[in-house]
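Structure file upload07.pdb; described as PDB, C-alpha atoms and all ligand atoms.
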```pdb
MODEL        1
ATOM      1  CA  MET A   9      -5.711 -10.907 -11.177
ATOM      2  CA  VAL A  10      -2.171 -11.501  -9.905
ATOM      3  CA  GLY A  11      -1.328 -11.171  -6.208
ATOM      4  CA  ILE A  12      -0.012  -7.944  -4.742
ATOM      5  CA  ARG A  13       3.758  -8.123  -4.366
ATOM      6  CA  ASP A  14       5.098  -8.299  -0.797
ATOM      7  CA  ILE A  15       7.770  -6.100   0.715
ATOM      8  CA  THR A  16       9.936  -7.408   3.536
ATOM      9  CA  LEU A  17      10.399  -4.912   6.334
ATOM     10  CA  PRO A  18      13.568  -4.805   8.435
ATOM     11  CA  GLY A  19      12.878  -7.475  11.057
ATOM     12  CA  GLY A  20      11.421  -9.843   8.457
ATOM     13  CA  ARG A  21       7.708  -8.992   8.473
ATOM     14  CA  ARG A  22       6.183  -9.186   4.980
ATOM     15  CA  VAL A  23       3.541  -6.663   3.966
ATOM     16  CA  PRO A  24       1.725  -5.962   0.696
ATOM     17  CA  ALA A  25       3.243  -3.167  -1.418
ATOM     18  CA  LEU A  26      -0.272  -1.776  -1.978
ATOM     19  CA  GLY A  27      -2.317  -0.816   1.064
ATOM     20  CA  GLN A  28      -4.936   1.753   2.026
ATOM     21  CA  GLY A  29      -4.871   5.232   3.566
ATOM     22  CA  THR A  30      -7.488   6.682   5.928
ATOM     23  CA  TRP A  31      -6.949  10.446   6.128
ATOM     24  CA  HIS A  32     -10.361  12.211   6.253
ATOM     25  CA  MET A  33     -12.120   9.021   7.291
ATOM     26  CA  GLY A  34     -14.053   9.116  10.540
ATOM     27  CA  GLU A  35     -14.859  12.809  10.177
ATOM     28  CA  SER A  36     -18.603  12.250   9.852
ATOM     29  CA  GLY A  37     -20.727   9.618  11.535
ATOM     30  CA  ALA A  38     -22.914   9.388   8.440
ATOM     31  CA  ALA A  39     -19.977   8.433   6.193
ATOM     32  CA  ALA A  40     -18.424   5.888   8.581
ATOM     33  CA  GLN A  41     -20.380   2.861   7.376
ATOM     34  CA  GLY A  42     -19.345   3.507   3.756
ATOM     35  CA  GLU A  43     -15.723   3.996   4.790
ATOM     36  CA  ILE A  44     -15.768   0.707   6.679
ATOM     37  CA  ARG A  45     -17.190  -1.038   3.603
ATOM     38  CA  ALA A  46     -14.469   0.495   1.408
ATOM     39  CA  LEU A  47     -11.687  -0.638   3.762
ATOM     40  CA  GLN A  48     -13.206  -4.122   3.963
ATOM     41  CA  ALA A  49     -13.440  -4.309   0.161
ATOM     42  CA  GLY A  50      -9.735  -3.477   0.037
ATOM     43  CA  ILE A  51      -8.875  -6.120   2.639
ATOM     44  CA  ASP A  52     -10.839  -8.694   0.600
ATOM     45  CA  LEU A  53      -8.716  -7.732  -2.415
ATOM     46  CA  GLY A  54      -5.409  -8.147  -0.539
ATOM     47  CA  MET A  55      -4.803  -4.479   0.398
ATOM     48  CA  THR A  56      -4.369  -5.599   3.983
ATOM     49  CA  LEU A  57      -1.994  -2.853   5.110
ATOM     50  CA  ILE A  58      -4.016   0.032   6.551
ATOM     51  CA  ASP A  59      -2.426   3.376   7.380
ATOM     52  CA  THR A  60      -4.008   5.626   9.986
ATOM     53  CA  ALA A  61      -2.996   8.145  12.684
ATOM     54  CA  GLU A  62      -4.188   9.534  15.993
ATOM     55  CA  MET A  63      -4.405  12.893  14.208
ATOM     56  CA  TYR A  64      -6.987  11.823  11.593
ATOM     57  CA  ALA A  65     -10.419  13.045  12.693
ATOM     58  CA  ASP A  66      -8.981  13.298  16.222
ATOM     59  CA  GLY A  67      -8.951   9.524  16.562
ATOM     60  CA  GLY A  68     -12.100   8.993  14.477
ATOM     61  CA  ALA A  69     -10.160   7.333  11.645
ATOM     62  CA  GLU A  70      -8.636   4.810  14.066
ATOM     63  CA  GLU A  71     -12.141   3.960  15.276
ATOM     64  CA  VAL A  72     -13.255   3.361  11.691
ATOM     65  CA  VAL A  73     -10.230   1.100  11.143
ATOM     66  CA  GLY A  74     -11.019  -0.774  14.363
ATOM     67  CA  ARG A  75     -14.548  -1.459  13.157
ATOM     68  CA  ALA A  76     -13.352  -2.448   9.666
ATOM     69  CA  VAL A  77     -10.962  -5.100  11.014
ATOM     70  CA  GLU A  78     -13.321  -6.574  13.626
ATOM     71  CA  GLY A  79     -13.149 -10.372  13.425
ATOM     72  CA  ARG A  80     -10.198 -10.333  11.009
ATOM     73  CA  ARG A  81      -7.532  -8.423  12.909
ATOM     74  CA  ASP A  82      -4.835 -11.015  12.277
ATOM     75  CA  SER A  83      -5.085 -10.722   8.506
ATOM     76  CA  VAL A  84      -4.471  -6.966   8.611
ATOM     77  CA  PHE A  85      -1.271  -4.964   9.168
ATOM     78  CA  ILE A  86      -2.118  -1.729  10.990
ATOM     79  CA  VAL A  87       0.114   1.339  10.762
ATOM     80  CA  SER A  88      -0.608   4.297  13.041
ATOM     81  CA  LYS A  89       1.230   7.458  14.044
ATOM     82  CA  VAL A  90       1.971   9.505  17.127
ATOM     83  CA  LEU A  91       1.693  13.299  16.883
ATOM     84  CA  PRO A  92       5.007  15.120  17.445
ATOM     85  CA  SER A  93       3.463  17.085  20.319
ATOM     86  CA  ASN A  94       2.820  13.756  22.100
ATOM     87  CA  ALA A  95       6.165  12.191  21.238
ATOM     88  CA  SER A  96       7.964  12.506  24.589
ATOM     89  CA  ARG A  97       9.054   9.307  26.340
ATOM     90  CA  ARG A  98       5.863   9.060  28.407
ATOM     91  CA  GLY A  99       3.597  10.834  25.920
ATOM     92  CA  THR A 100       4.403   8.328  23.163
ATOM     93  CA  VAL A 101       3.459   5.403  25.379
ATOM     94  CA  ALA A 102       0.222   7.122  26.448
ATOM     95  CA  ALA A 103      -0.657   8.023  22.834
ATOM     96  CA  CYS A 104      -0.066   4.427  21.778
ATOM     97  CA  GLU A 105      -2.325   3.102  24.538
ATOM     98  CA  ALA A 106      -5.073   5.507  23.427
ATOM     99  CA  SER A 107      -4.671   4.455  19.783
ATOM    100  CA  LEU A 108      -4.854   0.774  20.765
ATOM    101  CA  LYS A 109      -8.124   1.433  22.560
ATOM    102  CA  ARG A 110      -9.663   3.236  19.585
ATOM    103  CA  LEU A 111      -8.434   0.516  17.229
ATOM    104  CA  GLY A 112      -9.854  -2.166  19.519
ATOM    105  CA  THR A 113      -6.661  -4.191  19.364
ATOM    106  CA  ASP A 114      -3.700  -5.116  21.549
ATOM    107  CA  ARG A 115      -0.962  -4.208  19.057
ATOM    108  CA  ILE A 116      -0.138  -1.750  16.289
ATOM    109  CA  ASP A 117       2.008  -3.477  13.692
ATOM    110  CA  LEU A 118       4.005  -0.397  12.730
ATOM    111  CA  TYR A 119       4.014   2.835  14.743
ATOM    112  CA  LEU A 120       5.380   6.028  13.208
ATOM    113  CA  LEU A 121       6.404   9.469  14.439
ATOM    114  CA  HIS A 122       4.132  11.618  12.207
ATOM    115  CA  TRP A 123       6.727  14.373  11.705
ATOM    116  CA  ARG A 124       9.579  15.910  13.698
ATOM    117  CA  GLY A 125       8.665  18.118  16.627
ATOM    118  CA  ARG A 126      10.194  19.545  19.775
ATOM    119  CA  HIS A 127      10.803  16.277  21.640
ATOM    120  CA  PRO A 128      14.310  14.809  21.203
ATOM    121  CA  LEU A 129      14.412  11.801  18.869
ATOM    122  CA  SER A 130      16.196   9.841  21.621
ATOM    123  CA  GLU A 131      13.066  10.070  23.808
ATOM    124  CA  THR A 132      10.672   8.988  21.081
ATOM    125  CA  VAL A 133      12.928   6.099  20.063
ATOM    126  CA  ALA A 134      13.291   4.969  23.688
ATOM    127  CA  ALA A 135       9.488   4.925  23.974
ATOM    128  CA  PHE A 136       9.144   3.021  20.681
ATOM    129  CA  GLU A 137      11.657   0.422  21.900
ATOM    130  CA  GLU A 138       9.792   0.086  25.204
ATOM    131  CA  LEU A 139       6.491  -0.409  23.337
ATOM    132  CA  ARG A 140       8.107  -2.989  21.059
ATOM    133  CA  ALA A 141       9.561  -4.933  24.011
ATOM    134  CA  ALA A 142       6.081  -4.942  25.597
ATOM    135  CA  GLY A 143       4.544  -6.308  22.364
ATOM    136  CA  LYS A 144       2.293  -3.267  21.948
ATOM    137  CA  ILE A 145       3.872  -2.415  18.607
ATOM    138  CA  GLY A 146       5.461  -4.787  16.115
ATOM    139  CA  GLY A 147       7.978  -2.236  14.873
ATOM    140  CA  TRP A 148       8.402   1.478  14.442
ATOM    141  CA  GLY A 149       9.317   4.115  11.920
ATOM    142  CA  VAL A 150       9.081   7.774  11.048
ATOM    143  CA  SER A 151       7.309  10.067   8.597
ATOM    144  CA  ASN A 152       8.309  13.241   6.759
ATOM    145  CA  PHE A 153      12.007  12.660   7.532
ATOM    146  CA  ASP A 154      14.560  13.916   4.981
ATOM    147  CA  VAL A 155      18.077  12.456   4.655
ATOM    148  CA  ASP A 156      19.559  14.700   7.354
ATOM    149  CA  ASP A 157      16.787  13.678   9.774
ATOM    150  CA  MET A 158      17.387  10.001   8.963
ATOM    151  CA  GLU A 159      21.122  10.435   9.579
ATOM    152  CA  GLU A 160      20.436  12.074  12.923
ATOM    153  CA  LEU A 161      18.058   9.241  13.782
ATOM    154  CA  SER A 162      20.778   6.679  12.987
ATOM    155  CA  SER A 163      23.031   8.286  15.596
ATOM    156  CA  VAL A 164      20.443   7.834  18.389
ATOM    157  CA  ALA A 165      20.537   4.665  20.546
ATOM    158  CA  GLY A 166      18.208   2.136  18.906
ATOM    159  CA  GLY A 167      17.696   4.462  15.912
ATOM    160  CA  ASP A 168      18.939   1.768  13.543
ATOM    161  CA  HIS A 169      15.744  -0.208  14.232
ATOM    162  CA  VAL A 170      13.725   2.165  12.038
ATOM    163  CA  ALA A 171      11.614   0.078   9.654
ATOM    164  CA  ALA A 172      10.020   2.689   7.402
ATOM    165  CA  ASN A 173       9.834   6.361   6.467
ATOM    166  CA  GLN A 174       6.469   7.587   5.168
ATOM    167  CA  VAL A 175       6.811  10.530   2.784
ATOM    168  CA  LEU A 176       5.037  12.401   0.008
ATOM    169  CA  TYR A 177       5.805  10.546  -3.237
ATOM    170  CA  ASN A 178       3.922  10.351  -6.496
ATOM    171  CA  PRO A 179       4.709  11.046 -10.181
ATOM    172  CA  ALA A 180       4.320  14.804  -9.632
ATOM    173  CA  ARG A 181       6.504  14.807  -6.475
ATOM    174  CA  ARG A 182       9.661  12.898  -7.314
ATOM    175  CA  GLY A 183      12.193  14.835  -5.231
ATOM    176  CA  ILE A 184      13.008  11.853  -2.996
ATOM    177  CA  GLU A 185      14.362   9.927  -5.989
ATOM    178  CA  PHE A 186      17.490  12.111  -5.901
ATOM    179  CA  ASP A 187      18.717  11.126  -2.440
ATOM    180  CA  LEU A 188      16.218   9.943   0.202
ATOM    181  CA  LEU A 189      14.874   6.963  -1.750
ATOM    182  CA  PRO A 190      18.321   5.515  -2.621
ATOM    183  CA  TRP A 191      19.519   6.256   0.948
ATOM    184  CA  SER A 192      16.622   4.235   2.376
ATOM    185  CA  ASP A 193      16.831   1.471  -0.260
ATOM    186  CA  GLN A 194      20.510   0.908   0.518
ATOM    187  CA  ARG A 195      19.671   0.358   4.177
ATOM    188  CA  GLY A 196      16.605  -1.811   3.565
ATOM    189  CA  ILE A 197      14.316   0.825   5.102
ATOM    190  CA  ALA A 198      10.892   0.772   3.455
ATOM    191  CA  THR A 199       9.537   3.971   1.933
ATOM    192  CA  MET A 200       5.788   4.467   2.302
ATOM    193  CA  ALA A 201       4.449   6.731  -0.464
ATOM    194  CA  TYR A 202       1.700   8.944   0.907
ATOM    195  CA  SER A 203      -0.734  10.944  -1.243
ATOM    196  CA  PRO A 204       0.161   8.642  -4.174
ATOM    197  CA  LEU A 205      -2.586  10.289  -6.252
ATOM    198  CA  ASP A 206      -1.429  13.739  -5.082
ATOM    199  CA  GLU A 207      -4.610  13.938  -2.978
ATOM    200  CA  GLY A 208      -6.699  13.072  -6.030
ATOM    201  CA  ARG A 209      -5.199  15.687  -8.380
ATOM    202  CA  LEU A 210      -3.489  13.071 -10.579
ATOM    203  CA  VAL A 211      -6.668  11.179 -11.488
ATOM    204  CA  ARG A 212      -7.379  13.742 -14.200
ATOM    205  CA  HIS A 213      -3.811  14.344 -15.388
ATOM    206  CA  PRO A 214      -3.676  14.249 -19.218
ATOM    207  CA  ALA A 215      -0.195  12.649 -19.436
ATOM    208  CA  LEU A 216      -1.280   9.817 -17.149
ATOM    209  CA  ALA A 217      -4.568   9.467 -19.043
ATOM    210  CA  ARG A 218      -2.674   9.099 -22.352
ATOM    211  CA  ILE A 219      -0.501   6.274 -20.951
ATOM    212  CA  ALA A 220      -3.550   4.703 -19.326
ATOM    213  CA  ALA A 221      -5.447   4.625 -22.631
ATOM    214  CA  ASN A 222      -2.825   2.236 -24.108
ATOM    215  CA  HIS A 223      -3.601  -0.255 -21.336
ATOM    216  CA  GLY A 224      -7.359   0.231 -21.037
ATOM    217  CA  ALA A 225      -6.523   1.528 -17.539
ATOM    218  CA  SER A 226      -7.191   4.742 -15.607
ATOM    219  CA  ALA A 227      -4.840   7.632 -14.841
ATOM    220  CA  ALA A 228      -5.048   6.727 -11.146
ATOM    221  CA  GLN A 229      -3.881   3.192 -11.909
ATOM    222  CA  VAL A 230      -0.881   4.492 -13.891
ATOM    223  CA  ALA A 231       0.164   6.777 -11.006
ATOM    224  CA  LEU A 232      -0.041   3.847  -8.565
ATOM    225  CA  ALA A 233       1.699   1.409 -10.964
ATOM    226  CA  PHE A 234       4.570   3.892 -11.341
ATOM    227  CA  LEU A 235       5.107   3.843  -7.560
ATOM    228  CA  LEU A 236       4.630   0.062  -7.353
ATOM    229  CA  SER A 237       7.469  -0.364  -9.871
ATOM    230  CA  ARG A 238       9.875   0.794  -7.135
ATOM    231  CA  PRO A 239      11.176  -2.218  -5.175
ATOM    232  CA  HIS A 240      11.024  -0.904  -1.588
ATOM    233  CA  VAL A 241       7.984   1.349  -1.800
ATOM    234  CA  ILE A 242       4.629   0.755  -0.088
ATOM    235  CA  VAL A 243       1.763   2.674  -1.703
ATOM    236  CA  ILE A 244      -1.263   3.740   0.367
ATOM    237  CA  PRO A 245      -4.027   5.363  -1.715
ATOM    238  CA  LYS A 246      -7.102   6.430   0.228
ATOM    239  CA  SER A 247     -10.601   5.873  -1.069
ATOM    240  CA  GLY A 248     -13.936   5.815   0.684
ATOM    241  CA  SER A 249     -15.559   4.046  -2.268
ATOM    242  CA  PRO A 250     -15.415   0.247  -2.790
ATOM    243  CA  GLU A 251     -15.455   0.796  -6.585
ATOM    244  CA  ARG A 252     -12.440   3.103  -6.527
ATOM    245  CA  VAL A 253     -10.661   0.784  -4.072
ATOM    246  CA  ALA A 254     -11.160  -2.053  -6.595
ATOM    247  CA  GLU A 255      -9.837   0.223  -9.344
ATOM    248  CA  ASN A 256      -6.772   1.032  -7.236
ATOM    249  CA  ARG A 257      -6.199  -2.663  -6.501
ATOM    250  CA  LYS A 258      -5.938  -3.393 -10.229
ATOM    251  CA  ALA A 259      -2.934  -1.055 -10.418
ATOM    252  CA  ALA A 260      -0.912  -3.950  -8.980
ATOM    253  CA  ASP A 261      -1.671  -5.915 -12.175
ATOM    254  CA  LEU A 262      -0.587  -3.106 -14.496
ATOM    255  CA  ILE A 263       2.956  -3.452 -15.808
ATOM    256  CA  LEU A 264       4.280  -0.247 -17.317
ATOM    257  CA  THR A 265       6.552  -0.575 -20.369
ATOM    258  CA  SER A 266       9.846   1.245 -20.889
ATOM    259  CA  ASN A 267       7.969   3.534 -23.304
ATOM    260  CA  ASP A 268       5.449   4.335 -20.566
ATOM    261  CA  MET A 269       8.294   5.096 -18.149
ATOM    262  CA  ALA A 270       9.917   7.387 -20.735
ATOM    263  CA  ALA A 271       6.595   9.196 -21.215
ATOM    264  CA  LEU A 272       6.300   9.582 -17.437
ATOM    265  CA  ASP A 273       9.840  11.007 -17.244
ATOM    266  CA  ALA A 274       8.976  13.491 -20.004
ATOM    267  CA  ALA A 275       5.798  14.644 -18.262
ATOM    268  CA  PHE A 276       7.233  14.526 -14.724
ATOM    269  CA  PRO A 277      11.022  14.954 -14.984
ATOM    270  CA  PRO A 278      13.026  13.144 -12.287
ATOM    271  CA  PRO A 279      15.042  15.447  -9.986
ATOM    272  CA  ARG A 280      18.538  16.478 -11.120
ATOM    273  CA  HIS A 281      19.577  17.976  -7.804
ATOM    274  CA  LYS A 282      18.641  17.934  -4.118
ATOM    275  CA  GLN A 283      15.115  19.109  -3.386
ATOM    276  CA  PRO A 284      14.038  19.691   0.218
ATOM    277  CA  LEU A 285      11.469  17.093   1.225
ATOM    278  CA  GLU A 286       7.971  18.328   0.467
ATOM    279  CA  MET A 287       5.236  17.558   2.948
ATOM    280  CA  ILE A 288       1.507  18.054   3.233
TER     281      ILE A 288
HETATM  282  P1  LIG B 301      -4.395  10.170  -2.154
HETATM  283  O1  LIG B 301      -3.310  10.583  -3.074
HETATM  284  O2  LIG B 301      -4.498   8.758  -1.732
HETATM  285  O3  LIG B 301      -5.781  10.658  -2.801
HETATM  286  C1  LIG B 301      -7.002  10.501  -2.140
HETATM  287  C2  LIG B 301      -8.077  11.213  -2.936
HETATM  288  O4  LIG B 301      -8.190  10.610  -4.228
HETATM  289  C3  LIG B 301      -9.422  11.121  -2.286
HETATM  290  O5  LIG B 301     -10.084  12.345  -2.547
HETATM  291  C4  LIG B 301     -10.105   9.973  -3.028
HETATM  292  O6  LIG B 301     -11.493  10.197  -3.054
HETATM  293  C5  LIG B 301      -9.506  10.090  -4.406
HETATM  294  N1  LIG B 301      -9.360   8.784  -5.088
HETATM  295  C6  LIG B 301      -8.816   7.650  -4.597
HETATM  296  N2  LIG B 301      -8.787   6.691  -5.538
HETATM  297  C7  LIG B 301      -9.326   7.229  -6.656
HETATM  298  C8  LIG B 301      -9.579   6.732  -7.969
HETATM  299  N3  LIG B 301      -9.265   5.490  -8.321
HETATM  300  N4  LIG B 301     -10.176   7.572  -8.857
HETATM  301  C9  LIG B 301     -10.509   8.840  -8.531
HETATM  302  N5  LIG B 301     -10.281   9.365  -7.309
HETATM  303  C10 LIG B 301      -9.696   8.565  -6.374
HETATM  304  O7  LIG B 301      -4.304  11.176  -0.903
HETATM  305  P2  LIG B 301      -4.119  11.054   0.655
HETATM  306  O8  LIG B 301      -3.577  12.378   1.077
HETATM  307  O9  LIG B 301      -5.330  10.521   1.304
HETATM  308  O10 LIG B 301      -2.902  10.005   0.860
HETATM  309  C11 LIG B 301      -3.095   8.629   1.097
HETATM  310  C12 LIG B 301      -2.836   8.281   2.546
HETATM  311  O11 LIG B 301      -1.507   8.595   2.938
HETATM  312  C13 LIG B 301      -3.689   9.087   3.537
HETATM  313  O12 LIG B 301      -5.042   8.701   3.523
HETATM  314  C14 LIG B 301      -2.940   8.842   4.806
HETATM  315  O13 LIG B 301      -3.225   7.551   5.304
HETATM  316  C15 LIG B 301      -1.491   8.950   4.309
HETATM  317  N6  LIG B 301      -0.929  10.321   4.457
HETATM  318  C16 LIG B 301       0.105  10.501   5.337
HETATM  319  C17 LIG B 301       0.667  11.744   5.527
HETATM  320  C18 LIG B 301       1.800  11.899   6.493
HETATM  321  O14 LIG B 301       2.159  13.021   6.823
HETATM  322  N7  LIG B 301       2.393  10.826   6.959
HETATM  323  C19 LIG B 301       0.184  12.939   4.803
HETATM  324  C20 LIG B 301      -0.874  12.641   3.853
HETATM  325  C21 LIG B 301      -1.377  11.367   3.694
HETATM  326  P3  LIG B 301     -12.553   9.058  -2.601
HETATM  327  O15 LIG B 301     -12.237   8.709  -1.181
HETATM  328  O16 LIG B 301     -13.859   9.752  -2.777
HETATM  329  O17 LIG B 301     -12.361   7.902  -3.548
ENDMDL
END
```
As structure tokens - that is how I would like this structure written.
Ligand code: NDP
Amino acid sequence: MVGIRDITLPGGRRVPALGQGTWHMGESGAAAQGEIRALQAGIDLGMTLIDTAEMYADGGAEEVVGRAVEGRRDSVFIVSKVLPSNASRRGTVAACEASLKRLGTDRIDLYLLHWRGRHPLSETVAAFEELRAAGKIGGWGVSNFDVDDMEELSSVAGGDHVAANQVLYNPARRGIEFDLLPWSDQRGIATMAYSPLDEGRLVRHPALARIAANHGASAAQVALAFLLSRPHVIVIPKSGSPERVAENRKAADLILTSNDMAALDAAFPPPRHKQPLEMI
């Protein structure tokens, strides 16, 4: 097993290109122990970036993450998100404090605005900068921002400190390759690919299964390896099963050939013109 490649975020922090998602975790008390075990299995395998949000299970996912990282907080990079309805200057700070409590930690490594809402970006950014100066967050970013949103963000005071944009990206949703991905790459802003398995739909896709068969791999691994072949992309599959987490980890060892890439382009054609950013 080779190591998971690192990505350097603006500001210099290095994070693994393959991490773990947590949407739908923390929704049932009965499942929590299994979810914690799955996250811990991933951490053991080097998937030490964990993505969560105050929205997931109304804070329940953050509590699961907090329990999963107990005793090993410093070896994990935690990403969480503020809801747009909370993203005023004061509301962002209060939401962050509440997330820190649920996570049982004194800092969130990367804090994102979950999507754009009614509060002006200047307020949210001012709050992010305040939280960063206080050491409560290591850096900040956004989610579900298209190119025009990113350009508007750049014009706000401090907006150029954005470290990452988390967006829907997987072989079946390649719209960002036309403009947003190159825009971000050129500026060194990391792209975090959410729903990399298209919420599980890709694990049974015949075109991916055909490519996978040549490598003795799974369709899920091919979808993840496709995303991992992009230099500035962080991939965050979610699984509540240690076995599937281990399967996803092995995607980092799978090198797709130019023939595989051509087969992927045939099955999932890259965009030829601007597509509005899709979101879930
Ligand atoms: P994914 O594309 O990661 O798919 C998750 C689904 O696939 C689950 O049902 C999981 O089931 C299943 N799965 C995972 N691995 C395998 C495998 N190897 N074989 C078969 N099935 C598998 O979807 P998500 O929407 O969860 O996206 C990932 C993360 O991205 C989220 O958890 C969240 O952290 C983030 N996200 C962010 C959004 C945003 O707006 N910023 C929006 C959506 C997601 P099981 O658990 O049973 O293995």
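The set of residues that the PyMOL selection byres (((chain A and resi 143) around 12) and not hetatm) takes from this file is Cys104, Glu105, Leu108, Thr113, Asp114, Arg115, Ile116, Asp117, Leu118, Tyr119, Phe136, Glu137, Glu138, Leu139, Arg140, Ala141, Ala142, Lys144, Ile145, Gly146, Gly147 and Trp148 of chain A.
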Residues just named, written with C-alpha atoms as an mmCIF file, in the coordinates of the input:
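Result file is result.cif:
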```
data_model
loop_
_atom_site.group_PDB
_atom_site.id
_atom_site.type_symbol
_atom_site.label_atom_id
_atom_site.label_comp_id
_atom_site.auth_asym_id
_atom_site.auth_seq_id
_atom_site.Cartn_x
_atom_site.Cartn_y
_atom_site.Cartn_z
ATOM 1 C CA CYS A 104 -0.066 4.427 21.778
ATOM 2 C CA GLU A 105 -2.325 3.102 24.538
ATOM 3 C CA LEU A 108 -4.854 0.774 20.765
ATOM 4 C CA THR A 113 -6.661 -4.191 19.364
ATOM 5 C CA ASP A 114 -3.700 -5.116 21.549
ATOM 6 C CA ARG A 115 -0.962 -4.208 19.057
ATOM 7 C CA ILE A 116 -0.138 -1.750 16.289
ATOM 8 C CA ASP A 117 2.008 -3.477 13.692
ATOM 9 C CA LEU A 118 4.005 -0.397 12.730
ATOM 10 C CA TYR A 119 4.014 2.835 14.743
ATOM 11 C CA PHE A 136 9.144 3.021 20.681
ATOM 12 C CA GLU A 137 11.657 0.422 21.900
ATOM 13 C CA GLU A 138 9.792 0.086 25.204
ATOM 14 C CA LEU A 139 6.491 -0.409 23.337
ATOM 15 C CA ARG A 140 8.107 -2.989 21.059
ATOM 16 C CA ALA A 141 9.561 -4.933 24.011
ATOM 17 C CA ALA A 142 6.081 -4.942 25.597
ATOM 18 C CA LYS A 144 2.293 -3.267 21.948
ATOM 19 C CA ILE A 145 3.872 -2.415 18.607
ATOM 20 C CA GLY A 146 5.461 -4.787 16.115
ATOM 21 C CA GLY A 147 7.978 -2.236 14.873
ATOM 22 C CA TRP A 148 8.402 1.478 14.442
#
```
Let me have the centre and edge lengths in Å, one decimal, of the box along x, y and z around every listed atom of ligand LIG 301 (chain B) with 6 Å of margin on each side, as lines of an AutoDock Vina configuration file.
```
center_x = -5.7
center_y = 9.3
center_z = -0.9
size_x = 28.3
size_y = 19.5
size_z = 27.8
```
Can you list every residue of chain A that has an atom at most 7 Å from ligand LIG 301 (chain B), with its nearest atom pair and the distance in Å to one decimal, using all atoms listed in the file, ordered by chain then number, as a Markdown table?
```
| residue | atom | partner | partner_atom | distance |
| --- | --- | --- | --- | --- |
| A:Gln28 | CA | B:LIG301 | O13 | 6.9 |
| A:Gly29 | CA | B:LIG301 | O13 | 3.3 |
| A:Thr30 | CA | B:LIG301 | O12 | 4.0 |
| A:Trp31 | CA | B:LIG301 | O12 | 3.7 |
| A:His32 | CA | B:LIG301 | O12 | 6.9 |
| A:Asp59 | CA | B:LIG301 | O13 | 4.7 |
| A:Thr60 | CA | B:LIG301 | O13 | 5.1 |
| A:His122 | CA | B:LIG301 | N7 | 5.6 |
| A:Trp123 | CA | B:LIG301 | O14 | 6.8 |
| A:Ser151 | CA | B:LIG301 | N7 | 5.2 |
| A:Asn152 | CA | B:LIG301 | O14 | 6.2 |
| A:Gln174 | CA | B:LIG301 | N7 | 5.5 |
| A:Val175 | CA | B:LIG301 | N7 | 6.1 |
| A:Leu176 | CA | B:LIG301 | C19 | 6.8 |
| A:Tyr202 | CA | B:LIG301 | O11 | 3.8 |
| A:Ser203 | CA | B:LIG301 | O10 | 3.2 |
| A:Pro204 | CA | B:LIG301 | O1 | 4.1 |
| A:Leu205 | CA | B:LIG301 | O1 | 3.3 |
| A:Asp206 | CA | B:LIG301 | O1 | 4.2 |
| A:Glu207 | CA | B:LIG301 | O7 | 3.5 |
| A:Gly208 | CA | B:LIG301 | O4 | 3.4 |
| A:Val211 | CA | B:LIG301 | C9 | 5.4 |
| A:Ala228 | CA | B:LIG301 | N3 | 5.2 |
| A:Gln229 | CA | B:LIG301 | N3 | 6.9 |
| A:Ile244 | CA | B:LIG301 | C11 | 5.3 |
| A:Pro245 | CA | B:LIG301 | O2 | 3.4 |
| A:Lys246 | CA | B:LIG301 | O2 | 4.0 |
| A:Ser247 | CA | B:LIG301 | O15 | 3.3 |
| A:Gly248 | CA | B:LIG301 | O15 | 3.8 |
| A:Ser249 | CA | B:LIG301 | O17 | 5.2 |
| A:Arg252 | CA | B:LIG301 | N3 | 4.4 |
| A:Val253 | CA | B:LIG301 | N2 | 6.4 |
| A:Glu255 | CA | B:LIG301 | N3 | 5.4 |
| A:Asn256 | CA | B:LIG301 | N3 | 5.2 |
| A:Met287 | CA | B:LIG301 | O14 | 6.7 |
| A:Ile288 | CA | B:LIG301 | C19 | 5.5 |
```
How would the residues just chosen look if you wrote them out with C-alpha atoms as a compact mmCIF listing (two decimals), keeping the file's coordinate frame?
```txt
# COMPACT_ATOMS: atom_id res chain seq x y z
CA GLN A 28 -4.94 1.75 2.03
CA GLY A 29 -4.87 5.23 3.57
CA THR A 30 -7.49 6.68 5.93
CA TRP A 31 -6.95 10.45 6.13
CA HIS A 32 -10.36 12.21 6.25
CA ASP A 59 -2.43 3.38 7.38
CA THR A 60 -4.01 5.63 9.99
CA HIS A 122 4.13 11.62 12.21
CA TRP A 123 6.73 14.37 11.70
CA SER A 151 7.31 10.07 8.60
CA ASN A 152 8.31 13.24 6.76
CA GLN A 174 6.47 7.59 5.17
CA VAL A 175 6.81 10.53 2.78
CA LEU A 176 5.04 12.40 0.01
CA TYR A 202 1.70 8.94 0.91
CA SER A 203 -0.73 10.94 -1.24
CA PRO A 204 0.16 8.64 -4.17
CA LEU A 205 -2.59 10.29 -6.25
CA ASP A 206 -1.43 13.74 -5.08
CA GLU A 207 -4.61 13.94 -2.98
CA GLY A 208 -6.70 13.07 -6.03
CA VAL A 211 -6.67 11.18 -11.49
CA ALA A 228 -5.05 6.73 -11.15
CA GLN A 229 -3.88 3.19 -11.91
CA ILE A 244 -1.26 3.74 0.37
CA PRO A 245 -4.03 5.36 -1.72
CA LYS A 246 -7.10 6.43 0.23
CA SER A 247 -10.60 5.87 -1.07
CA GLY A 248 -13.94 5.82 0.68
CA SER A 249 -15.56 4.05 -2.27
CA ARG A 252 -12.44 3.10 -6.53
CA VAL A 253 -10.66 0.78 -4.07
CA GLU A 255 -9.84 0.22 -9.34
CA ASN A 256 -6.77 1.03 -7.24
CA MET A 287 5.24 17.56 2.95
CA ILE A 288 1.51 18.05 3.23
```
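In this structure, atom CA of A:Gly112 sits 26.9 Å away from atom CA of A:Thr199.
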Can you translate the PyMOL selection byres (((chain A and resi 270-285) around 8) and not hetatm) into the concrete residues it hits in this file, as a PyMOL selection string?
chain A and resi 152-154+179-180+182-187+215-216+219+266-269+286-287
